[in-house]
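Listing of target_15.csv, CSV, C-alpha atoms
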```csv
chain,number,residue,atom,x,y,z
A,135,MET,CA,2.3,3.0,-15.9
A,136,THR,CA,2.2,4.3,-12.3
A,137,THR,CA,2.7,1.9,-9.4
A,138,SER,CA,1.5,2.7,-6.0
A,139,ILE,CA,3.6,1.2,-3.2
A,140,ASP,CA,2.2,-0.4,0.0
A,141,SER,CA,3.8,0.3,3.3
A,142,ASN,CA,4.9,-3.3,3.8
A,143,VAL,CA,7.1,-3.2,0.7
A,144,LEU,CA,9.1,-0.2,2.0
A,145,ALA,CA,9.2,-1.5,5.5
A,146,ALA,CA,10.7,-4.8,4.1
A,147,LEU,CA,13.1,-2.8,2.0
A,148,TRP,CA,14.5,-1.0,5.0
A,149,SER,CA,15.1,-4.1,7.1
A,150,LYS,CA,17.7,-6.6,5.8
A,151,GLU,CA,16.3,-9.1,8.5
A,152,ASP,CA,12.8,-8.9,7.1
A,153,ARG,CA,11.9,-12.1,5.1
A,154,GLY,CA,10.4,-9.9,2.4
A,155,ASN,CA,13.5,-7.8,1.9
A,156,GLU,CA,14.8,-9.5,-1.2
A,157,ALA,CA,11.3,-9.6,-2.8
A,158,ALA,CA,10.9,-5.9,-2.0
A,159,VAL,CA,14.2,-5.0,-3.7
A,160,LYS,CA,13.3,-7.0,-6.8
A,161,MET,CA,9.7,-5.8,-7.0
A,162,LEU,CA,10.7,-2.1,-6.6
A,163,GLY,CA,13.4,-2.5,-9.3
A,164,GLU,CA,11.0,-4.0,-11.7
A,165,ALA,CA,8.2,-1.5,-11.0
A,166,ARG,CA,10.7,1.4,-11.6
A,167,LYS,CA,11.4,0.0,-15.1
A,168,ARG,CA,7.6,0.1,-15.8
A,169,GLY,CA,7.1,3.7,-14.8
A,170,ASN,CA,6.5,6.1,-12.0
A,171,LEU,CA,6.3,5.2,-8.3
A,172,VAL,CA,4.0,6.8,-5.8
A,173,VAL,CA,2.8,6.3,-2.2
A,174,SER,CA,-0.5,7.6,-0.9
A,175,ALA,CA,-0.7,9.8,2.2
A,176,PRO,CA,-1.7,6.9,4.5
A,177,VAL,CA,1.5,5.0,3.5
A,178,TYR,CA,3.6,8.0,4.4
A,179,SER,CA,1.8,8.2,7.8
A,180,GLU,CA,2.3,4.5,8.5
A,181,LEU,CA,6.0,4.7,7.7
A,182,MET,CA,6.3,7.3,10.4
A,183,ALA,CA,6.3,4.4,12.8
A,184,GLY,CA,9.2,2.7,11.0
A,185,PRO,CA,13.0,3.0,11.0
A,186,LEU,CA,13.0,6.3,9.1
A,187,ARG,CA,10.3,7.7,11.3
A,188,GLU,CA,11.6,11.3,11.3
A,189,GLU,CA,9.9,13.4,8.6
A,190,ALA,CA,13.3,14.7,7.3
A,191,ALA,CA,14.5,11.1,6.8
A,192,LEU,CA,11.3,10.1,5.1
A,193,ASP,CA,11.3,13.1,2.9
A,194,ALA,CA,14.9,12.6,1.9
A,195,PHE,CA,14.2,8.9,1.0
A,196,PHE,CA,11.3,9.9,-1.2
A,197,ALA,CA,13.3,12.7,-2.9
A,198,GLU,CA,16.4,10.5,-3.5
A,199,THR,CA,14.3,7.6,-4.9
A,200,ASP,CA,12.0,9.9,-6.9
A,201,ILE,CA,8.9,8.3,-5.3
A,202,ALA,CA,6.1,10.8,-5.4
A,203,ILE,CA,3.7,11.3,-2.4
A,204,GLU,CA,0.1,11.8,-3.3
A,205,TRP,CA,-1.1,13.8,-0.4
A,206,LYS,CA,-4.6,14.6,-1.7
A,207,ILE,CA,-7.2,11.8,-1.5
A,208,GLY,CA,-10.6,12.6,-2.9
A,209,GLU,CA,-14.0,11.7,-1.7
A,210,ASP,CA,-14.4,8.9,-4.1
A,211,VAL,CA,-11.4,7.1,-2.5
A,212,TRP,CA,-12.8,7.5,1.0
A,213,ARG,CA,-16.2,6.1,-0.2
A,214,GLU,CA,-14.6,3.1,-2.0
A,215,ALA,CA,-12.4,2.4,1.0
A,216,GLY,CA,-15.4,2.5,3.3
A,217,LYS,CA,-17.4,0.0,1.1
A,218,ALA,CA,-14.4,-2.4,0.9
A,219,TYR,CA,-13.8,-2.2,4.6
A,220,GLY,CA,-17.5,-2.8,5.3
A,221,ASN,CA,-17.5,-5.8,2.9
A,222,TYR,CA,-14.4,-7.2,4.6
A,223,ALA,CA,-16.0,-6.8,8.1
A,224,GLN,CA,-19.1,-8.7,6.8
A,225,ARG,CA,-17.0,-11.5,5.3
A,226,ARG,CA,-15.0,-11.8,8.5
A,227,ILE,CA,-18.1,-12.0,10.8
A,228,SER,CA,-19.9,-14.3,8.4
A,229,SER,CA,-17.0,-16.8,8.4
A,230,GLY,CA,-17.2,-17.0,12.2
A,231,GLY,CA,-14.3,-14.6,12.8
A,232,GLN,CA,-14.3,-11.8,15.3
A,233,PHE,CA,-14.4,-8.2,14.6
A,234,PRO,CA,-12.1,-6.9,11.8
A,235,LYS,CA,-8.4,-7.2,12.4
A,236,ARG,CA,-7.2,-5.1,9.5
A,237,ILE,CA,-7.2,-1.3,9.7
A,238,LEU,CA,-9.0,1.2,7.5
A,239,ALA,CA,-5.6,2.6,6.1
A,240,ASP,CA,-5.2,-0.7,4.1
A,241,PHE,CA,-8.5,-0.1,2.4
A,242,VAL,CA,-7.7,3.6,1.7
A,243,ILE,CA,-4.4,2.5,0.1
A,244,GLY,CA,-6.1,-0.1,-2.0
A,245,ALA,CA,-9.0,2.3,-3.0
A,246,HIS,CA,-6.5,5.0,-3.9
A,247,ALA,CA,-4.5,2.7,-6.2
A,248,LEU,CA,-7.7,1.4,-7.8
A,249,LEU,CA,-9.4,4.7,-8.5
A,250,CYS,CA,-6.2,6.4,-9.7
A,251,GLY,CA,-5.6,3.5,-12.1
A,252,HIS,CA,-2.4,2.5,-10.5
A,253,THR,CA,-0.9,-0.9,-10.1
A,254,LEU,CA,-0.4,-1.8,-6.4
A,255,LEU,CA,2.9,-3.2,-5.2
A,256,THR,CA,2.4,-5.1,-2.0
A,257,LEU,CA,3.6,-8.2,0.0
A,258,ASP,CA,-0.1,-8.8,0.9
A,259,LYS,CA,-1.7,-9.7,-2.4
A,260,ARG,CA,-4.3,-12.1,-1.0
A,261,ARG,CA,-6.0,-9.5,1.2
A,262,TYR,CA,-6.0,-6.7,-1.4
A,263,ALA,CA,-7.3,-9.1,-4.1
A,264,ALA,CA,-10.2,-10.0,-1.8
A,265,ALA,CA,-11.1,-6.4,-1.1
A,266,PHE,CA,-10.4,-5.0,-4.6
A,267,PRO,CA,-10.9,-7.8,-7.2
A,268,THR,CA,-10.4,-5.5,-10.2
A,269,LEU,CA,-7.2,-3.9,-8.8
A,270,THR,CA,-4.0,-4.9,-10.7
A,271,ILE,CA,-1.6,-6.2,-8.0
A,272,VAL,CA,2.1,-7.0,-8.2
A,273,SER,CA,3.4,-9.1,-5.4
A,274,ASP,CA,6.2,-11.6,-4.7
```
Could you take the file, read its structure, and then write that structure out as structure tokens?
Amino acid sequence: MTTSIDSNVLAALWSKEDRGNEAAVKMLGEARKRGNLVVSAPVYSELMAGPLREEAALDAFFAETDIAIEWKIGEDVWREAGKAYGNYAQRRISSGGQFPKRILADFVIGAHALLCGHTLLTLDKRRYAAAFPTLTIVSD
């Protein structure tokens, strides 16, 4: 089984002060036992804003941990992400909320995991489950 990792798991892993740090360590260890680990291109890009923001440091981390980066994202993923984002925006507006607060990258990450048949490892299960009800999600 392949597990796709959300940015928030790796961000929590890299910060001992993050309240999700212990959960991230545990979840990643368990996911590693089940099979391969990957991140999609949007996750890599989001992590550029984090503590390992230099490309060389990110590349070294992924090489050392044997986490693959899936750079190519097909048209089907973009279409699925757009549908899920549109549905989210409608739910938010219909419930009396303002314009969407979440960014498109989250929906691309979810659509990528779903359409590739991966399990998604995230600290944000509720939001991904609402957007992708058939996606297998592992969370703390």
If you take every atom of stretch 200-218 of chain A that the file lists and fit an axis-aligned box around them with 8 Å extra on each side, what centre and edge lengths come out in Å to one decimal, as JSON?
```
{"center_x": -2.7, "center_y": 6.1, "center_z": -1.8, "size_x": 45.4, "size_y": 33.0, "size_z": 26.2}
```
Using only C-alpha atoms: which of A:Arg226, A:Thr268, A:Tyr178, A:Ser273 has the shortest distance to A:Thr256: A:Ser273
Option closest in space to A:Lys167, from A:Ala247, A:Leu269, A:Met135, A:Ala197 [counting all atoms listed in the file]: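 Going through A:Ala247, A:Leu269, A:Met135, A:Ala197 one by one, the smallest distance to A:Lys167 is for A:Met135.
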Shell around A:Thr137 at 6 Å using all atoms listed in the file, local window under 6 positions removed, as a VMD selection string: chain A and resid 171 252 to 254
Computed interatomic separation between atom CA of A:Asp274 and atom CA of A:Val143 (Å):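 Atom-to-atom, atom CA of A:Asp274 to atom CA of A:Val143, that is 10.0 Å.
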Atom pair atom CA of A:Leu147 / atom CA of A:Leu192: separation (Å): 13.4 Å
Sorted per-residue table, stretch 144-199 of chain A near stretch 203-209 of chain A, closest atoms and distance, 12 Å, all atoms listed in the file, as a tab-separated table:
```
residue	atom	partner	partner_atom	distance
A:Asn170	CA	A:Ile203	CA	11.3
A:Leu171	CA	A:Ile203	CA	8.9
A:Val172	CA	A:Ile203	CA	5.6
A:Val173	CA	A:Ile203	CA	5.1
A:Ser174	CA	A:Glu204	CA	4.9
A:Ala175	CA	A:Trp205	CA	4.8
A:Pro176	CA	A:Trp205	CA	8.5
A:Val177	CA	A:Ile203	CA	8.9
A:Tyr178	CA	A:Ile203	CA	7.6
A:Ser179	CA	A:Trp205	CA	10.3
A:Leu192	CA	A:Ile203	CA	10.7
A:Asp193	CA	A:Ile203	CA	9.4
A:Phe195	CA	A:Ile203	CA	11.3
A:Phe196	CA	A:Ile203	CA	7.8
A:Ala197	CA	A:Ile203	CA	9.7
A:Thr199	CA	A:Ile203	CA	11.5
```
Point-to-point distance in Å for atom CA of A:Ala165 and atom CA of A:Trp148: 17.2 Å
Pick from A:Leu238, A:Ala145, A:Val211, A:Leu162 nearest to A:Gly251, counting all atoms listed in the file: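 Closest candidate: A:Val211.
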Nearby residues (all atoms listed in the file) at most 12 Å from A:Ile237, same-chain spacing under 6 positions excluded, as a ChimeraX atom specification: /A:176,180,215-216,218-220,222-223,243-244,261
Residue nearest A:Ala245 - candidates A:Ile271, A:Asn221, A:Trp212, A:Ala158, atoms counted: only C-alpha atoms: A:Trp212
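You can rank A:Leu181, A:Val272, A:Ser141, A:Ser228 by their closest distance to A:Glu164 using only C-alpha atoms, and at the top of that list sits A:Val272.
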Nearest to A:Ala263, chosen from A:Ile139, A:Ala190, A:Leu144, A:Leu248, with only C-alpha atoms counted in the distances: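 Once distances to A:Ala263 are computed over only C-alpha atoms, the minimum belongs to A:Leu248.
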